[in-house]
Amino acid sequence: MLTAVLFSPAQAQECRWDGTSPFCSGECGANETEVTRLGGIPDFWVPPFVNQNPPFGANCLTGTKALCCKTRGRSCRWDGTAPFCDGECRSDEVQSTPPPGSSSGSGCWTGSKVYCCNKTASTGQGLTERNCSYGPGTCIQGFVWREAAPGDRVCVTPETREQTRGDNAQAARRRNPDGGPYGPDTCLPGYVWRDAFPGDHVCVTPQMRQQAAQDNRWAAIRNACP
């Protein structure tokens with residue numbers, strides 16, 4: 001059973017998906033931060049095992065939706081309009097580093113876009129309560145370290161960690177004993193490399209590879225103490 005809890009109801013009040021299906025072109029407002037960008041939710045993320053809050057809605061035929069979240073006391077935005085970009089921050093803003101997973105939208109043919117935040121912003125309250133009881137990488141409540149390998153501190157649900165441990169235990173049995181195009185790491189038919197991190201050649205189902213990729217995308221907002 002796969003479980004994925006994206007946001008609690010309280011957090012959902014501060015976040016929304018922008019972009020209208022089937023032709024999506026999600027863009028966040030000036031007082032919002034883009035957390036991640038998706039074209040669709042995997043087919044195996046179905047109720048009651050998945051709590052999508054805020055709701056994603058219908059998948060995109062083209063383009064992507066942006067998850068836009070308000071950061072209290074802070075206003076950030078991308079400046080520069082594609083395809084001919086000439087991004088520049090205003091006098092009351094400072095160029096900042098965008099959060100992990102942020103996308104500036106359509107690509108530039110010329111010039112570049114910049115990520116600007118207002119200078120007078122207070123730290124405010126983030127998406128998650130800061131909790132460093134386990135040091136850097138402490139997960140928000142309800143999530144645990146994946147531990148696909150030593151040092152893997154991507155935060156996932158307990159069910160996903162148990163599945164990950166099971167996949168690791170079955171790794172040898174899922175490799176083709178006769179080798180193949182990828183040498184001794186060639187998977188048996190029906191399995192693919194998990195790719196949870198560079199060089200992760202544990203053979204898993206395609207659904208679990210999608211799960212690992214999705215967990216990697218959500219790592220930043222599940223981490224209470226970066």
# chains A, B, ... in the order shown; residues from 1 in each chain; ligands from 1
call {"tool": "residues_around", "arguments": {"residues": "A:Phe56", "least_positions_apart": "2", "cutoff": "10 Å", "atoms": "only C-alpha atoms", "output": "compact mmCIF listing (two decimals) with N, CA and C atoms, in the first residue's frame"}}
result
# COMPACT_ATOMS: atom_id res chain seq x y z
N ARG A 16 -1.91 26.53 -3.23
CA ARG A 16 -2.88 26.21 -4.28
C ARG A 16 -2.13 25.75 -5.52
N TRP A 17 -2.80 24.96 -6.35
CA TRP A 17 -2.26 24.57 -7.65
C TRP A 17 -2.76 25.57 -8.68
N ASP A 18 -1.87 26.11 -9.48
CA ASP A 18 -2.24 27.05 -10.52
C ASP A 18 -2.01 26.41 -11.89
N GLY A 19 -2.99 26.54 -12.76
CA GLY A 19 -2.93 25.93 -14.09
C GLY A 19 -4.22 25.19 -14.36
N LEU A 38 4.12 20.05 -11.61
CA LEU A 38 3.76 18.71 -12.06
C LEU A 38 2.77 18.80 -13.22
N GLY A 39 2.84 17.81 -14.10
CA GLY A 39 1.88 17.72 -15.18
C GLY A 39 0.73 16.79 -14.85
N GLY A 40 0.94 15.96 -13.82
CA GLY A 40 -0.12 15.04 -13.44
C GLY A 40 0.28 14.24 -12.22
N ILE A 41 -0.71 13.70 -11.54
CA ILE A 41 -0.50 12.83 -10.38
C ILE A 41 -0.45 11.40 -10.88
N GLN A 52 -4.63 14.34 -1.15
CA GLN A 52 -4.12 15.49 -1.91
C GLN A 52 -4.77 16.75 -1.37
N ASN A 53 -4.00 17.53 -0.70
CA ASN A 53 -4.54 18.73 -0.09
C ASN A 53 -3.49 19.82 -0.16
N PRO A 54 -3.62 20.80 -1.04
CA PRO A 54 -4.79 21.12 -1.85
C PRO A 54 -4.99 20.16 -3.02
N ALA A 58 -7.65 17.69 -12.44
CA ALA A 58 -7.37 16.84 -13.60
C ALA A 58 -5.93 17.01 -14.07
N ASN A 59 -5.35 15.91 -14.58
CA ASN A 59 -4.00 15.97 -15.12
C ASN A 59 -3.94 16.82 -16.39
N LYS A 65 1.18 22.28 -13.96
CA LYS A 65 0.60 23.13 -12.93
C LYS A 65 1.69 23.47 -11.91
N ALA A 66 1.58 24.63 -11.32
CA ALA A 66 2.54 25.07 -10.31
C ALA A 66 1.88 25.06 -8.93
N LEU A 67 2.59 24.51 -7.94
CA LEU A 67 2.11 24.57 -6.56
C LEU A 67 2.61 25.87 -5.97
call {"tool": "residues_around", "arguments": {"residues": "A:Cys117", "least_positions_apart": "3", "cutoff": "7 Å", "atoms": "only C-alpha atoms", "output": "number ranges by chain"}}
result
A: 75-77, 93-96
call {"tool": "residues_around", "arguments": {"residues": "A:Arg146", "least_positions_apart": "3", "cutoff": "10 Å", "atoms": "only C-alpha atoms", "output": "PDB file with C-alpha atoms, in the first residue's frame"}}
result
ATOM      1  CA  PHE A 143       7.310  11.371   7.694  1.00  0.00           C
ATOM      2  CA  ALA A 149      21.090   3.782   1.263  1.00  0.00           C
ATOM      3  CA  PRO A 150      23.228   5.051   4.158  1.00  0.00           C
ATOM      4  CA  GLY A 151      22.779   8.806   4.394  1.00  0.00           C
ATOM      5  CA  ASP A 152      19.514   8.888   2.415  1.00  0.00           C
ATOM      6  CA  ARG A 153      17.471  11.380   4.426  1.00  0.00           C
ATOM      7  CA  VAL A 154      14.691  12.081   1.977  1.00  0.00           C
ATOM      8  CA  CYS A 155      11.499  12.247   4.050  1.00  0.00           C
ATOM      9  CA  VAL A 156       8.823   9.725   3.076  1.00  0.00           C
ATOM     10  CA  THR A 157       5.833   8.025   4.665  1.00  0.00           C
ATOM     11  CA  PRO A 158       6.558   5.062   6.984  1.00  0.00           C
ATOM     12  CA  GLU A 159       4.888   2.770   4.428  1.00  0.00           C
ATOM     13  CA  THR A 160       7.243   3.933   1.698  1.00  0.00           C
ATOM     14  CA  ARG A 161      10.271   3.342   3.916  1.00  0.00           C
ATOM     15  CA  GLU A 162       9.099  -0.210   4.624  1.00  0.00           C
ATOM     16  CA  GLN A 163       8.585  -0.779   0.884  1.00  0.00           C
ATOM     17  CA  THR A 164      12.068   0.612   0.244  1.00  0.00           C
ATOM     18  CA  ARG A 165      13.588  -1.817   2.732  1.00  0.00           C
ATOM     19  CA  ALA A 196      16.292   7.341  -5.911  1.00  0.00           C
ATOM     20  CA  ALA A 212      11.000   7.667  -5.500  1.00  0.00           C
ATOM     21  CA  ASP A 215       9.468  11.823  -2.985  1.00  0.00           C
TER      22      ASP A 215
END
call {"tool": "residues_around", "arguments": {"residues": "A:Trp78", "least_positions_apart": "6", "cutoff": "8 Å", "atoms": "only C-alpha atoms", "output": "list in words"}}
result
Ala30, Gly87, Ser104, Lys113, Val114, Tyr115 and Cys116 of chain A
call {"tool": "residues_around", "arguments": {"residues": "A:Arg175", "least_positions_apart": "6", "cutoff": "8 Å", "atoms": "only C-alpha atoms", "output": "mmCIF file with N, CA, C and O atoms, in the first residue's frame"}}
result
data_model
loop_
_atom_site.group_PDB
_atom_site.id
_atom_site.type_symbol
_atom_site.label_atom_id
_atom_site.label_comp_id
_atom_site.auth_asym_id
_atom_site.auth_seq_id
_atom_site.Cartn_x
_atom_site.Cartn_y
_atom_site.Cartn_z
ATOM 1 N N PRO A 184 25.744 -6.720 -15.010
ATOM 2 C CA PRO A 184 25.155 -7.454 -13.887
ATOM 3 C C PRO A 184 24.013 -6.707 -13.202
ATOM 4 O O PRO A 184 23.280 -7.300 -12.409
ATOM 5 N N ASP A 185 23.845 -5.408 -13.499
ATOM 6 C CA ASP A 185 22.752 -4.644 -12.897
ATOM 7 C C ASP A 185 21.485 -4.675 -13.733
ATOM 8 O O ASP A 185 20.506 -4.004 -13.403
ATOM 9 N N THR A 186 21.473 -5.450 -14.825
ATOM 10 C CA THR A 186 20.289 -5.554 -15.674
ATOM 11 C C THR A 186 19.147 -6.185 -14.889
ATOM 12 O O THR A 186 19.305 -7.238 -14.269
ATOM 13 N N CYS A 187 17.995 -5.536 -14.907
ATOM 14 C CA CYS A 187 16.836 -6.035 -14.158
ATOM 15 C C CYS A 187 16.088 -7.103 -14.954
ATOM 16 O O CYS A 187 16.139 -7.127 -16.191
ATOM 17 N N LEU A 188 15.375 -7.951 -14.240
ATOM 18 C CA LEU A 188 14.472 -8.900 -14.874
ATOM 19 C C LEU A 188 13.322 -8.137 -15.531
ATOM 20 O O LEU A 188 13.032 -6.995 -15.146
ATOM 21 N N CYS A 203 16.497 -2.859 -8.373
ATOM 22 C CA CYS A 203 15.411 -3.125 -9.312
ATOM 23 C C CYS A 203 14.063 -3.115 -8.586
ATOM 24 O O CYS A 203 13.868 -3.843 -7.612
#
call {"tool": "select_by_dssp", "arguments": {"residues": "stretch 153-203 of chain A", "states": "strand (DSSP E or B)", "output": "PyMOL selection string"}}
result
chain A and resi 155-156+175+187+192-193+203
call {"tool": "write_last_selection", "arguments": {"atoms": "all heavy atoms", "output": "mmCIF file, in the first residue's frame"}}
result
data_model
loop_
_atom_site.group_PDB
_atom_site.id
_atom_site.type_symbol
_atom_site.label_atom_id
_atom_site.label_comp_id
_atom_site.auth_asym_id
_atom_site.auth_seq_id
_atom_site.Cartn_x
_atom_site.Cartn_y
_atom_site.Cartn_z
ATOM 1 N N CYS A 155 12.617 12.547 3.152
ATOM 2 C CA CYS A 155 11.499 12.247 4.050
ATOM 3 C C CYS A 155 10.343 11.624 3.266
ATOM 4 O O CYS A 155 9.873 12.195 2.277
ATOM 5 C CB CYS A 155 11.039 13.521 4.748
ATOM 6 S SG CYS A 155 12.307 14.261 5.817
ATOM 7 N N VAL A 156 9.901 10.462 3.729
ATOM 8 C CA VAL A 156 8.823 9.725 3.076
ATOM 9 C C VAL A 156 7.855 9.222 4.141
ATOM 10 O O VAL A 156 8.102 9.345 5.338
ATOM 11 C CB VAL A 156 9.378 8.527 2.266
ATOM 12 C CG1 VAL A 156 10.342 9.002 1.190
ATOM 13 C CG2 VAL A 156 10.080 7.514 3.183
ATOM 14 N N ARG A 175 17.537 -9.051 -10.277
ATOM 15 C CA ARG A 175 18.521 -8.834 -11.326
ATOM 16 C C ARG A 175 18.599 -10.063 -12.214
ATOM 17 O O ARG A 175 18.461 -11.201 -11.750
ATOM 18 C CB ARG A 175 19.893 -8.511 -10.728
ATOM 19 C CG ARG A 175 19.979 -7.129 -10.102
ATOM 20 C CD ARG A 175 21.425 -6.746 -9.828
ATOM 21 N NE ARG A 175 22.005 -7.527 -8.751
ATOM 22 C CZ ARG A 175 22.013 -7.151 -7.476
ATOM 23 N NH1 ARG A 175 21.467 -6.004 -7.113
ATOM 24 N NH2 ARG A 175 22.576 -7.913 -6.564
ATOM 25 N N CYS A 187 17.995 -5.536 -14.907
ATOM 26 C CA CYS A 187 16.836 -6.035 -14.158
ATOM 27 C C CYS A 187 16.088 -7.103 -14.954
ATOM 28 O O CYS A 187 16.139 -7.127 -16.191
ATOM 29 C CB CYS A 187 15.872 -4.893 -13.849
ATOM 30 S SG CYS A 187 16.567 -3.593 -12.809
ATOM 31 N N VAL A 192 12.647 -2.042 -13.095
ATOM 32 C CA VAL A 192 13.514 -0.951 -13.576
ATOM 33 C C VAL A 192 14.357 -0.466 -12.410
ATOM 34 O O VAL A 192 14.068 -0.758 -11.251
ATOM 35 C CB VAL A 192 12.674 0.216 -14.136
ATOM 36 C CG1 VAL A 192 11.917 -0.206 -15.382
ATOM 37 C CG2 VAL A 192 11.707 0.748 -13.072
ATOM 38 N N TRP A 193 15.412 0.273 -12.710
ATOM 39 C CA TRP A 193 16.213 0.856 -11.635
ATOM 40 C C TRP A 193 15.384 1.879 -10.862
ATOM 41 O O TRP A 193 14.615 2.652 -11.447
ATOM 42 C CB TRP A 193 17.448 1.539 -12.199
ATOM 43 C CG TRP A 193 18.474 0.590 -12.732
ATOM 44 C CD1 TRP A 193 18.582 -0.745 -12.466
ATOM 45 C CD2 TRP A 193 19.544 0.910 -13.630
ATOM 46 N NE1 TRP A 193 19.656 -1.289 -13.139
ATOM 47 C CE2 TRP A 193 20.267 -0.296 -13.861
ATOM 48 C CE3 TRP A 193 19.964 2.071 -14.256
ATOM 49 C CZ2 TRP A 193 21.373 -0.344 -14.688
ATOM 50 C CZ3 TRP A 193 21.075 2.031 -15.085
ATOM 51 C CH2 TRP A 193 21.771 0.831 -15.297
ATOM 52 N N CYS A 203 16.497 -2.859 -8.373
ATOM 53 C CA CYS A 203 15.411 -3.125 -9.312
ATOM 54 C C CYS A 203 14.063 -3.115 -8.586
ATOM 55 O O CYS A 203 13.868 -3.843 -7.612
ATOM 56 C CB CYS A 203 15.618 -4.474 -10.002
ATOM 57 S SG CYS A 203 17.117 -4.551 -11.024
#
call {"tool": "atom_distance", "arguments": {"atom1": "atom CA of A:Thr205", "atom2": "atom CA of A:Arg37"}}
result
23.8 Å
call {"tool": "residues_around", "arguments": {"residues": "A:Glu32", "least_positions_apart": "4", "cutoff": "9 Å", "atoms": "only C-alpha atoms", "output": "list of chain:residue names"}}
result
A:Cys15, A:Cys28, A:Cys68, A:Cys69, A:Lys70, A:Thr71, A:Arg74, A:Ser75, A:Cys76, A:Arg77
call {"tool": "atom_distance", "arguments": {"atom1": "atom CA of A:Trp109", "atom2": "atom CA of A:Thr81"}}
result
10.3 Å
call {"tool": "select_by_dssp", "arguments": {"residues": "stretch 151-212 of chain A", "states": "helix (DSSP H, G or I)", "output": "PyMOL selection string"}}
result
chain A and resi 158-169+172-174+183-185+206-212
call {"tool": "write_last_selection", "arguments": {"atoms": "N, CA and C atoms", "output": "mmCIF file, in the first residue's frame"}}
result
data_model
loop_
_atom_site.group_PDB
_atom_site.id
_atom_site.type_symbol
_atom_site.label_atom_id
_atom_site.label_comp_id
_atom_site.auth_asym_id
_atom_site.auth_seq_id
_atom_site.Cartn_x
_atom_site.Cartn_y
_atom_site.Cartn_z
ATOM 1 N N PRO A 158 6.034 6.322 6.429
ATOM 2 C CA PRO A 158 6.558 5.062 6.984
ATOM 3 C C PRO A 158 6.322 3.880 6.053
ATOM 4 N N GLU A 159 5.177 3.871 5.348
ATOM 5 C CA GLU A 159 4.888 2.770 4.428
ATOM 6 C C GLU A 159 5.891 2.721 3.286
ATOM 7 N N THR A 160 6.268 3.897 2.792
ATOM 8 C CA THR A 160 7.243 3.933 1.698
ATOM 9 C C THR A 160 8.615 3.466 2.177
ATOM 10 N N ARG A 161 8.984 3.825 3.411
ATOM 11 C CA ARG A 161 10.271 3.342 3.916
ATOM 12 C C ARG A 161 10.268 1.823 4.040
ATOM 13 N N GLU A 162 9.175 1.245 4.518
ATOM 14 C CA GLU A 162 9.099 -0.210 4.624
ATOM 15 C C GLU A 162 9.181 -0.857 3.246
ATOM 16 N N GLN A 163 8.515 -0.255 2.244
ATOM 17 C CA GLN A 163 8.585 -0.779 0.884
ATOM 18 C C GLN A 163 10.008 -0.682 0.356
ATOM 19 N N THR A 164 10.683 0.421 0.677
ATOM 20 C CA THR A 164 12.068 0.612 0.244
ATOM 21 C C THR A 164 12.969 -0.465 0.833
ATOM 22 N N ARG A 165 12.797 -0.760 2.103
ATOM 23 C CA ARG A 165 13.588 -1.817 2.732
ATOM 24 C C ARG A 165 13.309 -3.159 2.070
ATOM 25 N N GLY A 166 12.036 -3.413 1.759
ATOM 26 C CA GLY A 166 11.696 -4.664 1.092
ATOM 27 C C GLY A 166 12.322 -4.763 -0.286
ATOM 28 N N ASP A 167 12.315 -3.645 -1.019
ATOM 29 C CA ASP A 167 12.937 -3.642 -2.349
ATOM 30 C C ASP A 167 14.439 -3.893 -2.248
ATOM 31 N N ASN A 168 15.086 -3.298 -1.246
ATOM 32 C CA ASN A 168 16.517 -3.540 -1.058
ATOM 33 C C ASN A 168 16.790 -5.015 -0.783
ATOM 34 N N ALA A 169 15.929 -5.633 0.023
ATOM 35 C CA ALA A 169 16.128 -7.042 0.375
ATOM 36 C C ALA A 169 15.943 -7.965 -0.828
ATOM 37 N N ALA A 172 18.759 -8.591 -5.215
ATOM 38 C CA ALA A 172 19.521 -9.631 -5.917
ATOM 39 C C ALA A 172 18.616 -10.539 -6.738
ATOM 40 N N ARG A 173 17.428 -10.836 -6.237
ATOM 41 C CA ARG A 173 16.518 -11.739 -6.928
ATOM 42 C C ARG A 173 15.894 -11.095 -8.161
ATOM 43 N N ARG A 174 15.930 -9.781 -8.238
ATOM 44 C CA ARG A 174 15.288 -9.071 -9.346
ATOM 45 C C ARG A 174 16.268 -8.717 -10.459
ATOM 46 N N GLY A 183 24.816 -4.983 -18.037
ATOM 47 C CA GLY A 183 25.727 -5.806 -17.262
ATOM 48 C C GLY A 183 25.035 -6.496 -16.109
ATOM 49 N N PRO A 184 25.744 -6.720 -15.010
ATOM 50 C CA PRO A 184 25.155 -7.454 -13.887
ATOM 51 C C PRO A 184 24.013 -6.707 -13.202
ATOM 52 N N ASP A 185 23.845 -5.408 -13.499
ATOM 53 C CA ASP A 185 22.752 -4.644 -12.897
ATOM 54 C C ASP A 185 21.485 -4.675 -13.733
ATOM 55 N N PRO A 206 7.970 -0.178 -11.912
ATOM 56 C CA PRO A 206 7.923 1.195 -12.422
ATOM 57 C C PRO A 206 7.193 2.149 -11.482
ATOM 58 N N GLN A 207 6.180 1.639 -10.764
ATOM 59 C CA GLN A 207 5.450 2.490 -9.829
ATOM 60 C C GLN A 207 6.341 2.974 -8.698
ATOM 61 N N MET A 208 7.224 2.104 -8.217
ATOM 62 C CA MET A 208 8.098 2.519 -7.121
ATOM 63 C C MET A 208 9.175 3.485 -7.605
ATOM 64 N N ARG A 209 9.597 3.381 -8.866
ATOM 65 C CA ARG A 209 10.527 4.384 -9.376
ATOM 66 C C ARG A 209 9.837 5.749 -9.450
ATOM 67 N N GLN A 210 8.577 5.765 -9.883
ATOM 68 C CA GLN A 210 7.823 7.017 -9.892
ATOM 69 C C GLN A 210 7.678 7.565 -8.480
ATOM 70 N N GLN A 211 7.428 6.675 -7.525
ATOM 71 C CA GLN A 211 7.283 7.101 -6.134
ATOM 72 C C GLN A 211 8.575 7.740 -5.632
ATOM 73 N N ALA A 212 9.715 7.129 -5.943
ATOM 74 C CA ALA A 212 11.000 7.667 -5.500
ATOM 75 C C ALA A 212 11.252 9.043 -6.104
#
call {"tool": "closest_residue", "arguments": {"among": "A:Ile140, A:Cys85, A:Leu61, A:Cys108", "to": "A:Cys225", "atoms": "only C-alpha atoms"}}
result
A:Ile140
